[in-house]
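Next comes model_0.csv, with CSV, C-alpha atoms.
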chain,number,residue,atom,x,y,z
A,1,MET,CA,0.0,0.0,0.0
A,2,TYR,CA,1.1,3.5,-0.8
A,3,GLU,CA,0.5,6.9,0.8
A,4,ALA,CA,0.8,10.3,-0.8
A,5,VAL,CA,2.5,12.9,1.5
A,6,HIS,CA,3.6,16.5,1.5
A,7,ALA,CA,7.3,17.0,2.3
A,8,TYR,CA,9.6,19.9,3.3
A,9,PRO,CA,9.5,22.8,2.1
A,10,ASP,CA,5.8,22.3,1.6
A,11,GLY,CA,5.4,20.3,4.9
A,12,ASP,CA,7.2,20.0,8.1
A,13,ALA,CA,9.2,16.8,7.5
A,14,THR,CA,11.7,15.9,4.8
A,15,VAL,CA,11.2,13.2,2.2
A,16,ALA,CA,13.6,10.9,4.0
A,17,ARG,CA,11.8,11.3,7.4
A,18,GLN,CA,8.4,10.7,5.7
A,19,ALA,CA,9.8,7.6,4.0
A,20,MET,CA,11.4,6.4,7.2
A,21,THR,CA,8.1,6.8,9.1
A,22,ALA,CA,6.0,5.2,6.3
A,23,ALA,CA,8.4,2.2,6.2
A,24,ARG,CA,7.9,1.7,9.9
A,25,TYR,CA,4.2,1.9,9.5
A,26,GLY,CA,4.2,-0.8,6.9
A,27,TYR,CA,3.7,1.1,3.7
A,28,ASP,CA,5.3,-0.2,0.5
A,29,GLY,CA,6.0,3.3,-0.8
A,30,ILE,CA,5.2,7.0,-0.7
A,31,VAL,CA,4.2,9.4,-3.4
A,32,VAL,CA,5.8,12.8,-2.7
A,33,ARG,CA,3.4,15.5,-3.8
A,34,THR,CA,5.8,18.4,-3.3
A,35,ARG,CA,7.5,19.3,-6.5
A,36,ALA,CA,10.4,21.1,-4.9
A,37,ALA,CA,11.3,18.1,-2.6
A,38,LEU,CA,12.5,15.7,-5.2
A,39,GLU,CA,14.4,15.7,-8.5
A,40,PRO,CA,12.6,13.9,-11.3
A,41,ALA,CA,13.5,10.3,-11.2
A,42,ASP,CA,15.1,10.2,-14.7
A,43,GLY,CA,17.4,13.1,-13.8
A,44,ALA,CA,16.2,15.1,-16.7
A,45,GLY,CA,17.7,18.6,-16.9
A,46,SER,CA,20.1,18.1,-14.1
A,47,GLU,CA,23.2,17.0,-15.8
A,48,ALA,CA,25.1,20.2,-14.9
A,49,ILE,CA,24.2,20.1,-11.2
A,50,PRO,CA,24.4,16.8,-9.5
A,51,THR,CA,21.3,15.9,-7.5
A,52,PRO,CA,21.7,16.6,-3.8
A,53,PRO,CA,21.3,13.4,-1.9
A,54,GLU,CA,18.3,14.6,0.1
A,55,SER,CA,16.2,15.0,-3.1
A,56,ASP,CA,17.2,11.8,-4.9
A,57,PRO,CA,14.3,9.4,-4.8
A,58,ASP,CA,16.3,6.3,-5.6
A,59,GLY,CA,18.8,7.1,-2.8
A,60,ILE,CA,16.1,7.6,-0.2
A,61,ALA,CA,14.3,4.5,-1.5
A,62,ASP,CA,17.5,2.4,-1.0
A,63,GLU,CA,18.0,3.9,2.4
A,64,CYS,CA,14.5,3.3,3.8
A,65,GLY,CA,13.6,0.2,1.9
A,66,ILE,CA,10.4,1.5,0.4
A,67,ASP,CA,9.5,3.0,-3.0
A,68,VAL,CA,9.7,6.8,-3.3
A,69,VAL,CA,7.6,8.3,-6.2
A,70,ASP,CA,8.1,11.8,-7.5
A,71,ALA,CA,4.9,13.6,-8.1
A,72,VAL,CA,3.6,17.1,-8.6
A,73,GLU,CA,0.5,18.9,-7.4
A,74,VAL,CA,-0.8,21.5,-9.8
A,75,ASP,CA,-2.5,24.2,-7.8
A,76,ALA,CA,-3.7,26.7,-10.3
A,77,ASP,CA,-6.2,29.5,-10.4
A,78,GLY,CA,-8.1,28.3,-13.4
A,79,PRO,CA,-8.2,25.5,-16.0
A,80,ARG,CA,-6.0,27.5,-18.5
A,81,GLU,CA,-3.2,27.9,-16.0
A,82,ALA,CA,-3.6,24.3,-14.8
A,83,SER,CA,-3.5,23.0,-18.4
A,84,GLY,CA,-0.2,24.7,-19.0
A,85,ALA,CA,1.3,23.4,-15.8
A,86,VAL,CA,0.1,19.8,-16.5
A,87,GLY,CA,1.7,20.0,-20.0
A,88,ASN,CA,5.0,21.1,-18.5
A,89,HIS,CA,5.1,18.5,-15.7
A,90,ARG,CA,3.7,15.5,-17.5
A,91,SER,CA,6.9,14.4,-19.1
A,92,GLU,CA,9.0,15.1,-16.0
A,93,HIS,CA,7.1,13.6,-13.1
A,94,THR,CA,5.8,10.2,-12.5
A,95,VAL,CA,2.5,11.2,-11.0
A,96,VAL,CA,0.6,14.4,-11.9
A,97,CYS,CA,-2.2,15.6,-9.5
A,98,VAL,CA,-4.4,18.6,-9.9
A,99,VAL,CA,-5.8,20.3,-6.8
A,100,GLY,CA,-9.5,20.7,-7.2
A,101,GLY,CA,-11.9,22.5,-4.9
A,102,ASP,CA,-13.4,24.8,-7.5
A,103,ASP,CA,-16.1,23.7,-10.0
A,104,ARG,CA,-14.0,24.6,-13.1
A,105,LEU,CA,-10.9,23.0,-11.9
A,106,ASN,CA,-12.7,19.8,-10.9
A,107,ARG,CA,-14.2,19.7,-14.3
A,108,TYR,CA,-10.9,20.4,-16.0
A,109,ALA,CA,-9.1,17.7,-14.1
A,110,VAL,CA,-11.5,14.8,-14.7
A,111,GLU,CA,-11.7,15.7,-18.5
A,112,GLU,CA,-8.0,15.6,-19.0
A,113,PRO,CA,-6.5,12.1,-19.5
A,114,ARG,CA,-3.0,13.4,-18.8
A,115,VAL,CA,-4.0,14.0,-15.2
A,116,ASP,CA,-3.6,11.0,-12.9
A,117,VAL,CA,-5.4,12.2,-9.7
A,118,LEU,CA,-7.9,14.9,-8.8
A,119,VAL,CA,-6.9,15.7,-5.3
A,120,ARG,CA,-9.0,17.4,-2.6
A,121,PRO,CA,-12.1,17.8,-4.8
A,122,ASN,CA,-14.2,19.0,-1.8
A,123,ALA,CA,-11.7,21.3,-0.2
A,124,GLY,CA,-13.1,24.6,-1.6
A,125,PRO,CA,-16.5,25.7,-2.7
A,126,GLY,CA,-16.5,23.2,-5.6
A,127,GLY,CA,-18.7,20.2,-5.8
A,128,PHE,CA,-18.7,16.8,-7.5
A,129,ASN,CA,-21.5,15.3,-9.5
A,130,HIS,CA,-22.5,12.5,-11.8
A,131,VAL,CA,-21.1,14.3,-14.9
A,132,LEU,CA,-17.7,14.6,-13.4
A,133,ALA,CA,-17.8,11.0,-12.1
A,134,LYS,CA,-18.5,9.7,-15.6
A,135,ALA,CA,-15.8,11.8,-17.1
A,136,ALA,CA,-13.3,10.6,-14.5
A,137,ARG,CA,-14.2,7.0,-15.3
A,138,ASP,CA,-13.8,7.5,-19.0
A,139,ASN,CA,-10.5,9.4,-18.8
A,140,GLY,CA,-9.0,7.2,-16.0
A,141,VAL,CA,-8.6,10.1,-13.6
A,142,HIS,CA,-8.5,8.9,-10.0
A,143,VAL,CA,-10.6,10.9,-7.5
A,144,GLU,CA,-8.9,11.4,-4.1
A,145,PHE,CA,-10.7,10.7,-0.8
A,146,ASP,CA,-8.9,12.9,1.6
A,147,LEU,CA,-9.1,11.5,5.1
A,148,GLY,CA,-7.0,14.4,6.5
A,149,PRO,CA,-9.8,16.5,7.9
A,150,VAL,CA,-11.4,13.4,9.5
A,151,LEU,CA,-8.2,12.6,11.3
A,152,GLY,CA,-7.2,16.1,12.2
A,153,GLU,CA,-10.3,18.3,12.5
A,154,THR,CA,-13.0,18.4,15.2
A,155,GLY,CA,-16.6,19.6,15.5
A,156,GLY,CA,-18.3,21.2,12.6
A,157,ASN,CA,-15.4,21.1,10.2
A,158,ARG,CA,-15.1,17.3,10.6
A,159,VAL,CA,-18.8,16.8,10.2
A,160,ARG,CA,-18.8,18.7,7.0
A,161,ALA,CA,-15.7,16.7,5.8
A,162,LEU,CA,-17.5,13.5,6.6
A,163,ALA,CA,-20.6,14.6,4.8
A,164,ASP,CA,-18.6,15.6,1.7
A,165,LEU,CA,-16.8,12.2,1.7
A,166,ARG,CA,-20.1,10.3,2.0
A,167,LYS,CA,-21.6,12.2,-1.0
A,168,LEU,CA,-18.4,11.8,-3.0
A,169,ARG,CA,-18.3,8.1,-2.2
A,170,GLU,CA,-21.9,7.5,-3.3
A,171,ILE,CA,-21.3,9.2,-6.6
A,172,VAL,CA,-17.9,7.6,-7.3
A,173,THR,CA,-18.9,4.1,-6.4
A,174,TYR,CA,-22.1,4.3,-8.5
A,175,TYR,CA,-20.2,5.1,-11.6
A,176,ASP,CA,-17.2,3.0,-10.7
A,177,ALA,CA,-14.7,5.8,-11.2
A,178,PRO,CA,-11.2,5.1,-10.1
A,179,HIS,CA,-10.3,6.4,-6.6
A,180,VAL,CA,-7.3,6.8,-4.3
A,181,VAL,CA,-7.3,7.3,-0.5
A,182,SER,CA,-4.8,9.4,1.4
A,183,ALA,CA,-4.4,11.2,4.7
A,184,ASN,CA,-2.7,14.2,3.0
A,185,ALA,CA,0.0,14.2,5.7
A,186,ALA,CA,2.0,17.4,5.9
A,187,SER,CA,4.5,16.0,8.5
A,188,HIS,CA,5.5,12.6,9.8
A,189,LEU,CA,3.2,13.2,12.8
A,190,GLU,CA,0.1,13.3,10.5
A,191,LEU,CA,0.9,10.0,8.9
A,192,ARG,CA,-1.2,7.1,10.0
A,193,ALA,CA,-0.6,3.4,9.5
A,194,PRO,CA,-2.7,1.6,6.8
A,195,ARG,CA,-4.7,-0.4,9.3
A,196,GLU,CA,-5.6,2.8,11.2
A,197,MET,CA,-6.6,4.5,7.9
A,198,VAL,CA,-8.9,1.5,7.1
A,199,ALA,CA,-10.4,1.5,10.6
A,200,VAL,CA,-11.2,5.2,10.5
A,201,ALA,CA,-12.7,5.0,7.1
A,202,GLU,CA,-14.7,2.0,8.2
A,203,GLU,CA,-16.2,4.1,11.0
A,204,ALA,CA,-17.0,6.7,8.4
A,205,GLY,CA,-19.0,4.1,6.4
A,206,PHE,CA,-16.4,3.0,3.9
A,207,ASP,CA,-15.9,-0.6,2.9
A,208,PRO,CA,-12.5,-1.7,4.2
A,209,GLU,CA,-11.5,-3.5,1.1
A,210,TRP,CA,-12.4,-0.5,-1.0
A,211,VAL,CA,-10.2,1.7,1.1
A,212,ARG,CA,-7.3,-0.7,0.8
A,213,GLU,CA,-7.8,-0.6,-3.0
A,214,GLY,CA,-7.6,3.2,-2.8
A,215,LEU,CA,-4.3,3.0,-0.9
A,216,ARG,CA,-2.9,0.5,-3.4
A,217,ALA,CA,-4.0,2.6,-6.4
A,218,TRP,CA,-1.2,5.1,-5.8
A,219,GLY,CA,1.2,2.3,-6.4
A,220,SER,CA,-0.4,1.1,-9.6
A,221,ILE,CA,-0.5,4.6,-11.0
A,222,ALA,CA,3.2,5.0,-10.3
A,223,GLU,CA,4.0,1.6,-11.9
A,224,ARG,CA,2.0,2.3,-15.0
A,225,ASN,CA,3.5,5.8,-15.5
A,226,ARG,CA,7.0,4.6,-14.9
A,227,GLU,CA,6.6,2.2,-17.7
A,228,ARG,CA,5.1,4.9,-19.9
A,229,LEU,CA,8.0,7.3,-19.2
A,230,SER,CA,10.6,4.6,-19.9
A,231,GLY,CA,12.2,4.5,-23.3
A,232,ARG,CA,10.6,1.1,-24.2
A,233,PHE,CA,7.1,2.5,-24.3
A,234,ILE,CA,5.8,3.7,-27.6
A,235,GLU,CA,2.0,3.7,-27.2
A,236,PRO,CA,-0.5,1.5,-25.3
A,237,GLY,CA,0.1,-2.1,-26.5
A,238,VAL,CA,3.2,-1.1,-28.5
A,239,ARG,CA,6.7,-1.3,-27.0
A,240,ARG,CA,10.2,-1.6,-28.2
A,241,GLY,CA,11.1,-5.3,-28.4
A,242,ARG,CA,14.3,-7.2,-27.7
A,243,TYR,CA,15.4,-7.3,-31.3
A,244,GLU,CA,15.1,-3.6,-32.0
A,245,THR,CA,18.5,-1.9,-32.1
A,246,GLU,CA,19.2,1.7,-31.4
A,247,ARG,CA,19.7,3.8,-34.5
B,1,MET,CA,-17.7,-6.2,46.4
B,2,LYS,CA,-17.3,-9.8,45.6
B,3,HIS,CA,-15.7,-10.2,42.2
B,4,LEU,CA,-17.6,-11.6,39.3
B,5,PRO,CA,-17.6,-15.3,38.3
B,6,LYS,CA,-15.2,-15.9,35.5
B,7,HIS,CA,-17.8,-16.4,32.7
B,8,LEU,CA,-19.4,-13.0,33.5
B,9,ARG,CA,-16.2,-11.0,33.6
B,10,PRO,CA,-15.6,-8.7,30.6
B,11,ARG,CA,-13.0,-9.9,28.1
B,12,TRP,CA,-10.4,-7.3,27.3
B,13,ARG,CA,-7.8,-6.7,24.6
B,14,TYR,CA,-4.7,-4.6,25.2
B,15,LEU,CA,-3.4,-2.3,22.6
B,16,ALA,CA,0.2,-1.2,22.5
B,17,VAL,CA,0.3,2.4,21.3
B,18,GLY,CA,3.4,4.2,20.1
B,19,ILE,CA,3.4,8.0,20.4
B,20,GLU,CA,5.7,10.6,18.7
B,21,THR,CA,5.8,14.4,19.0
B,22,TRP,CA,8.1,17.3,18.4
B,23,PRO,CA,10.9,17.2,20.9
B,24,ASP,CA,9.8,20.3,23.0
B,25,ALA,CA,6.3,18.8,23.6
B,26,GLU,CA,5.3,17.6,27.0
B,27,ILE,CA,2.3,15.4,27.2
B,28,GLY,CA,1.0,13.9,30.4
B,29,ARG,CA,-0.9,10.7,31.2
B,30,ARG,CA,-4.1,12.5,32.1
B,31,ALA,CA,-4.0,14.6,29.0
B,32,PHE,CA,-3.6,11.6,26.8
B,33,GLN,CA,-6.4,9.7,28.6
B,34,ARG,CA,-8.6,12.8,28.0
B,35,ALA,CA,-7.7,12.9,24.3
B,36,LEU,CA,-8.6,9.2,24.0
B,37,TRP,CA,-12.0,9.6,25.7
B,38,TYR,CA,-12.9,12.8,23.8
B,39,GLY,CA,-11.8,11.2,20.6
B,40,ALA,CA,-14.0,8.2,21.2
B,41,GLY,CA,-16.9,10.4,22.2
B,42,ASN,CA,-16.6,12.4,19.0
B,43,LEU,CA,-16.0,9.5,16.6
B,44,LEU,CA,-18.1,6.7,18.1
B,45,GLY,CA,-20.7,8.6,20.2
B,46,ASP,CA,-21.4,8.1,23.8
B,47,ALA,CA,-22.8,4.6,23.4
B,48,GLY,CA,-19.9,3.4,21.2
B,49,SER,CA,-17.4,5.1,23.5
B,50,ALA,CA,-18.8,3.3,26.6
B,51,ASP,CA,-18.7,0.0,24.7
B,52,ALA,CA,-15.1,0.3,23.6
B,53,GLY,CA,-13.9,1.4,27.0
B,54,LEU,CA,-10.4,2.8,26.1
B,55,LYS,CA,-8.9,2.9,29.5
B,56,LEU,CA,-5.2,3.9,29.7
B,57,LEU,CA,-3.3,1.4,31.8
B,58,SER,CA,0.2,2.5,31.5
B,59,PHE,CA,1.9,5.5,29.9
B,60,SER,CA,5.4,6.7,29.5
B,61,PHE,CA,6.7,9.6,27.6
B,62,SER,CA,9.9,11.5,27.4
B,63,GLY,CA,11.8,13.6,24.8
B,64,GLY,CA,9.3,13.4,22.0
B,65,ALA,CA,8.5,9.7,22.1
B,66,GLY,CA,6.3,7.6,24.3
B,67,GLU,CA,4.2,4.5,24.5
B,68,ALA,CA,1.1,3.4,26.2
B,69,VAL,CA,-1.1,0.4,26.9
B,70,VAL,CA,-4.8,0.9,26.3
B,71,ARG,CA,-7.4,-1.5,27.5
B,72,VAL,CA,-10.3,-2.2,25.2
B,73,ARG,CA,-13.4,-4.4,25.4
B,74,ARG,CA,-13.0,-7.5,23.2
B,75,GLY,CA,-14.9,-7.1,19.9
B,76,HIS,CA,-14.5,-3.4,19.8
B,77,VAL,CA,-10.8,-3.4,18.7
B,78,GLU,CA,-11.4,-1.8,15.3
B,79,GLU,CA,-13.5,1.0,16.8
B,80,ALA,CA,-10.6,1.6,19.3
B,81,ARG,CA,-8.1,1.6,16.5
B,82,ALA,CA,-10.0,4.2,14.6
B,83,THR,CA,-10.3,6.3,17.7
B,84,ILE,CA,-6.6,6.1,18.3
B,85,GLY,CA,-5.9,7.0,14.7
B,86,CYS,CA,-8.0,10.1,15.1
B,87,VAL,CA,-5.9,11.4,18.0
B,88,SER,CA,-4.1,14.2,16.2
B,89,ALA,CA,-3.2,16.4,19.1
B,90,VAL,CA,-2.8,16.1,22.9
B,91,ASP,CA,-3.0,19.4,24.8
B,92,GLY,CA,-2.5,21.2,21.6
B,93,GLU,CA,0.7,19.4,20.7
B,94,PRO,CA,0.5,17.5,17.4
B,95,VAL,CA,1.1,13.8,17.9
B,96,GLY,CA,2.0,10.9,15.6
B,97,ILE,CA,0.3,7.8,16.8
B,98,ARG,CA,0.1,4.2,15.9
B,99,VAL,CA,-1.1,0.9,17.2
B,100,ARG,CA,2.0,-1.4,17.4
B,101,GLY,CA,0.0,-4.5,18.3
B,102,ILE,CA,-2.8,-6.1,20.2
B,103,SER,CA,-2.5,-8.8,22.9
B,104,GLY,CA,-4.9,-10.7,25.2
B,105,THR,CA,-3.0,-10.0,28.3
B,106,VAL,CA,-1.1,-7.0,29.7
B,107,ARG,CA,2.0,-9.0,30.1
B,108,ALA,CA,2.1,-10.3,26.6
B,109,CYS,CA,1.4,-6.8,25.3
B,110,GLU,CA,4.4,-5.4,27.3
B,111,GLU,CA,6.7,-8.2,26.5
B,112,ARG,CA,6.0,-8.1,22.8
B,113,TYR,CA,5.5,-4.5,21.9
B,114,MET,CA,6.8,-2.2,24.6
B,115,GLY,CA,10.1,-0.8,25.8
B,116,ARG,CA,12.1,-1.3,22.6
B,117,ALA,CA,14.3,1.3,21.0
B,118,ALA,CA,13.3,4.1,23.3
B,119,ALA,CA,16.5,5.7,22.3
B,120,SER,CA,17.4,8.7,24.4
B,121,SER,CA,17.5,12.0,22.6
B,122,THR,CA,20.5,14.3,22.4
B,123,GLN,CA,21.1,17.8,21.3
B,124,ARG,CA,23.5,18.3,18.4
B,125,ASP,CA,24.5,20.9,15.8
B,126,VAL,CA,23.9,19.7,12.3
B,127,ALA,CA,24.2,21.0,8.8
B,128,PHE,CA,20.8,21.3,7.2
B,129,GLU,CA,20.0,23.2,4.0
B,130,ASP,CA,23.5,24.8,3.9
B,131,ALA,CA,23.1,26.2,7.4
B,132,ASP,CA,24.3,25.1,10.9
B,133,ARG,CA,21.3,24.4,13.1
B,134,SER,CA,20.7,22.7,16.3
B,135,ALA,CA,18.8,19.4,16.2
B,136,VAL,CA,17.4,16.9,18.6
B,137,VAL,CA,18.5,13.5,17.6
B,138,ARG,CA,16.7,10.3,18.6
B,139,GLY,CA,18.1,7.3,16.7
B,140,ASP,CA,17.7,8.0,13.0
B,141,ALA,CA,15.3,10.8,13.6
B,142,TYR,CA,16.6,14.4,13.5
B,143,ASP,CA,14.2,17.2,14.5
B,144,VAL,CA,15.9,20.3,13.3
B,145,ARG,CA,15.1,23.7,14.8
B,146,THR,CA,14.4,26.4,12.1
B,147,GLU,CA,13.0,29.9,12.2
B,148,SER,CA,9.5,28.6,11.6
B,149,GLY,CA,9.6,25.7,14.2
B,150,TYR,CA,10.9,22.2,13.9
B,151,VAL,CA,11.4,20.3,10.7
B,152,GLY,CA,11.5,16.5,10.8
B,153,ALA,CA,14.5,15.1,9.1
B,154,ALA,CA,16.4,11.8,9.0
B,155,ALA,CA,20.0,10.8,9.3
B,156,PHE,CA,20.0,10.6,5.5
B,157,ASP,CA,19.4,14.3,5.1
B,158,ILE,CA,22.1,15.4,7.5
B,159,GLU,CA,25.1,13.4,6.2
Whole structure, structure tokens version:
Amino acid sequence: MYEAVHAYPDGDATVARQAMTAARYGYDGIVVRTRAALEPADGAGSEAIPTPPESDPDGIADECGIDVVDAVEVDADGPREASGAVGNHRSEHTVVCVVGGDDRLNRYAVEEPRVDVLVRPNAGPGGFNHVLAKAARDNGVHVEFDLGPVLGETGGNRVRALADLRKLREIVTYYDAPHVVSANAASHLELRAPREMVAVAEEAGFDPEWVREGLRAWGSIAERNRERLSGRFIEPGVRRGRYETER
Amino acid sequence: MKHLPKHLRPRWRYLAVGIETWPDAEIGRRAFQRALWYGAGNLLGDAGSADAGLKLLSFSFSGGAGEAVVRVRRGHVEEARATIGCVSAVDGEPVGIRVRGISGTVRACEERYMGRAAASSTQRDVAFEDADRSAVVRGDAYDVRTESGYVGAAAFDIE
């Protein structure tokens, strides 16, 4: 199971600390949402300056024994800016997320097949409906279920977060749109072990296996995209074979 | 009062809980018990909270790390796990918390899950982000003091 975390400078713990904590909690890997925290895995554009060790995903992965995936969260004001940013980051980062929360951004994210995950769709004034769910299913965009407010907030904020999650769950499960689950941890203290995440979600009315699927989905997104970014991939179903020589 | 016959006594499960905070935080036993009960009341409601029990049996904490044994009624372990997962702050101090394991007796719980690697913390000057800063070191965990509070780092970031 994977978890998607924020890291320093966006959060209060470095990638290595998050990875260390996640490894102890029993995760198979972490997806680092903070663009500034990691160099892209393929080392593109960094020939002149060697990657500093604290931002090298492979080094951290070797040290902690779990997978470290470089990702980016596109937090734009509108669909046009988001579209530009997605185009820029798609070829450099393994996982591309778009921060939702606004009706136009939610709509843009689910209608763009280059986007992997629509994160925090309920955070702002925006909503989610059947039209977006169908688009997300057709374009293979995963919808994030953010358990952060359930774990960290109290009172009215938490009730609203739970109500939003329930509505989102009903829509997403009805149309069978892909989903991911995360606690949106900004520091190693906000991270929770997979069994705790499942237990909390179960109290909130989720099916435990469905939540585990959502945690595993981060890993399958990373695996698929790594293959696509590798040189062997030409298009879905077509790849460079053993007998092809470099020209 | 005369104690209950064995078949009427409640059955318990004992949860070993690991706690982690920033190094300057001080959390006490009573505050942690209060956080557990409030958390259970908020997540499970009064009835569910009474069913689960969640009584703190032992608690130790020093230098940003601690552990506790929590007693829970058998059959309500998943509710208790959810409650513990929702404890995000004690006395206003953010905490990282996890259930290390579950046992049927206090003794098994302590033998199997408690008292390991409670490495003592030391103060050290480290190089972090091209600047010399002071850090509190506990095993591989380095909590570096910066202008805007602590940043959690690992040995890997420092070397």
A:Ser187, A:Ser230, A:Ser55, A:Asn139: which is nearest Thr21 of chain A, counting only C-alpha atoms? A:Ser187
Considering all atoms listed in the file, give me a table of residues in segment 75-138 of chain B that are at most 12 Å from segment 154-178 of chain A, with the closest atom pair and distance in Å for each, as JSON lines.
{"residue": "B:Cys86", "atom": "CA", "partner": "A:Thr154", "partner_atom": "CA", "distance": 9.7}
{"residue": "B:Val87", "atom": "CA", "partner": "A:Thr154", "partner_atom": "CA", "distance": 10.4}
{"residue": "B:Ser88", "atom": "CA", "partner": "A:Thr154", "partner_atom": "CA", "distance": 9.9}
{"residue": "B:Ala89", "atom": "CA", "partner": "A:Thr154", "partner_atom": "CA", "distance": 10.7}
Chain B residues near chain A (10 Å cut-off, only C-alpha atoms) as a PyMOL selection string: chain B and resi 19-22+39+42-44+77-89+94-100+129+140-144+148-159
Just to be explicit: take each residue in the selection above, keep C-alpha atoms, and write the result as a compact mmCIF listing (two decimals), keeping the file's coordinate frame.
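Once everything was written out, this is selection_1.txt:
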# COMPACT_ATOMS: atom_id res chain seq x y z
CA ILE B 19 3.40 8.00 20.40
CA GLU B 20 5.70 10.60 18.70
CA THR B 21 5.80 14.40 19.00
CA TRP B 22 8.10 17.30 18.40
CA GLY B 39 -11.80 11.20 20.60
CA ASN B 42 -16.60 12.40 19.00
CA LEU B 43 -16.00 9.50 16.60
CA LEU B 44 -18.10 6.70 18.10
CA VAL B 77 -10.80 -3.40 18.70
CA GLU B 78 -11.40 -1.80 15.30
CA GLU B 79 -13.50 1.00 16.80
CA ALA B 80 -10.60 1.60 19.30
CA ARG B 81 -8.10 1.60 16.50
CA ALA B 82 -10.00 4.20 14.60
CA THR B 83 -10.30 6.30 17.70
CA ILE B 84 -6.60 6.10 18.30
CA GLY B 85 -5.90 7.00 14.70
CA CYS B 86 -8.00 10.10 15.10
CA VAL B 87 -5.90 11.40 18.00
CA SER B 88 -4.10 14.20 16.20
CA ALA B 89 -3.20 16.40 19.10
CA PRO B 94 0.50 17.50 17.40
CA VAL B 95 1.10 13.80 17.90
CA GLY B 96 2.00 10.90 15.60
CA ILE B 97 0.30 7.80 16.80
CA ARG B 98 0.10 4.20 15.90
CA VAL B 99 -1.10 0.90 17.20
CA ARG B 100 2.00 -1.40 17.40
CA GLU B 129 20.00 23.20 4.00
CA ASP B 140 17.70 8.00 13.00
CA ALA B 141 15.30 10.80 13.60
CA TYR B 142 16.60 14.40 13.50
CA ASP B 143 14.20 17.20 14.50
CA VAL B 144 15.90 20.30 13.30
CA SER B 148 9.50 28.60 11.60
CA GLY B 149 9.60 25.70 14.20
CA TYR B 150 10.90 22.20 13.90
CA VAL B 151 11.40 20.30 10.70
CA GLY B 152 11.50 16.50 10.80
CA ALA B 153 14.50 15.10 9.10
CA ALA B 154 16.40 11.80 9.00
CA ALA B 155 20.00 10.80 9.30
CA PHE B 156 20.00 10.60 5.50
CA ASP B 157 19.40 14.30 5.10
CA ILE B 158 22.10 15.40 7.50
CA GLU B 159 25.10 13.40 6.20
Give me the residues near Glu73 of chain A as a ChimeraX atom specification, where near means some atom within 6 Å (using all atoms listed in the file) and where sequence neighbours in that chain fewer than 6 positions away do not count. /A:33,97-98
Place a sphere of radius 7 Å on (3.6, 19.7, -14.5) in the file coordinates and name every protein, DNA or RNA residue with an atom inside or on its surface, counting only C-alpha atoms; give the answer as number ranges by chain. A: 72, 74, 85-90, 96
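Atom to atom, atom CA of Ser121 of chain B and atom CA of Phe61 of chain B stand 12.1 Å apart.
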Which polymer residues, protein or nucleic acid, are no farther than 6 Å from (-16.1, -4.9, 23.1), counting all atoms listed in the file, as a PyMOL selection string? chain B and resi 51-52+73-76
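Between Gly139 of chain B and the residues B:Ala25, B:Ala65, B:Ala31, B:Leu4, the shortest atom-to-atom distance, using all atoms listed in the file, involves B:Ala65.
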If we count all atoms listed in the file and set the cut-off at 6 Å, which residues sit around Asp28 of chain A, ignoring sequence neighbours fewer than 3 positions away in its own chain? Please answer as a VMD selection string. chain A and resid 1 to 2 66
What would segment 146-155 of chain A look like with N, CA and C atoms restored, written as a JSON list (two decimals), in the frame of the given file?
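Result written to out01.json:
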[["chain", "number", "residue", "atom", "x", "y", "z"],
["A", 146, "ASP", "N", -9.85, 12.35, 0.68],
["A", 146, "ASP", "CA", -8.90, 12.90, 1.60],
["A", 146, "ASP", "C", -9.39, 12.72, 3.03],
["A", 147, "LEU", "N", -8.71, 11.83, 3.76],
["A", 147, "LEU", "CA", -9.10, 11.50, 5.10],
["A", 147, "LEU", "C", -8.47, 12.52, 6.13],
["A", 148, "GLY", "N", -7.64, 13.44, 5.65],
["A", 148, "GLY", "CA", -7.00, 14.40, 6.50],
["A", 148, "GLY", "C", -7.87, 15.10, 7.51],
["A", 149, "PRO", "N", -8.94, 15.75, 7.00],
["A", 149, "PRO", "CA", -9.80, 16.50, 7.90],
["A", 149, "PRO", "C", -10.52, 15.53, 8.93],
["A", 150, "VAL", "N", -10.78, 14.29, 8.52],
["A", 150, "VAL", "CA", -11.40, 13.40, 9.50],
["A", 150, "VAL", "C", -10.46, 13.02, 10.60],
["A", 151, "LEU", "N", -9.17, 12.90, 10.27],
["A", 151, "LEU", "CA", -8.20, 12.60, 11.30],
["A", 151, "LEU", "C", -7.82, 13.79, 12.15],
["A", 152, "GLY", "N", -7.79, 14.97, 11.53],
["A", 152, "GLY", "CA", -7.20, 16.10, 12.20],
["A", 152, "GLY", "C", -8.19, 17.16, 12.75],
["A", 153, "GLU", "N", -9.37, 17.26, 12.12],
["A", 153, "GLU", "CA", -10.30, 18.30, 12.50],
["A", 153, "GLU", "C", -11.22, 17.83, 13.63],
["A", 154, "THR", "N", -11.95, 18.75, 14.23],
["A", 154, "THR", "CA", -13.00, 18.40, 15.20],
["A", 154, "THR", "C", -14.23, 19.19, 14.90],
["A", 155, "GLY", "N", -15.33, 18.79, 15.50],
["A", 155, "GLY", "CA", -16.60, 19.60, 15.50],
["A", 155, "GLY", "C", -17.13, 19.74, 14.08]]
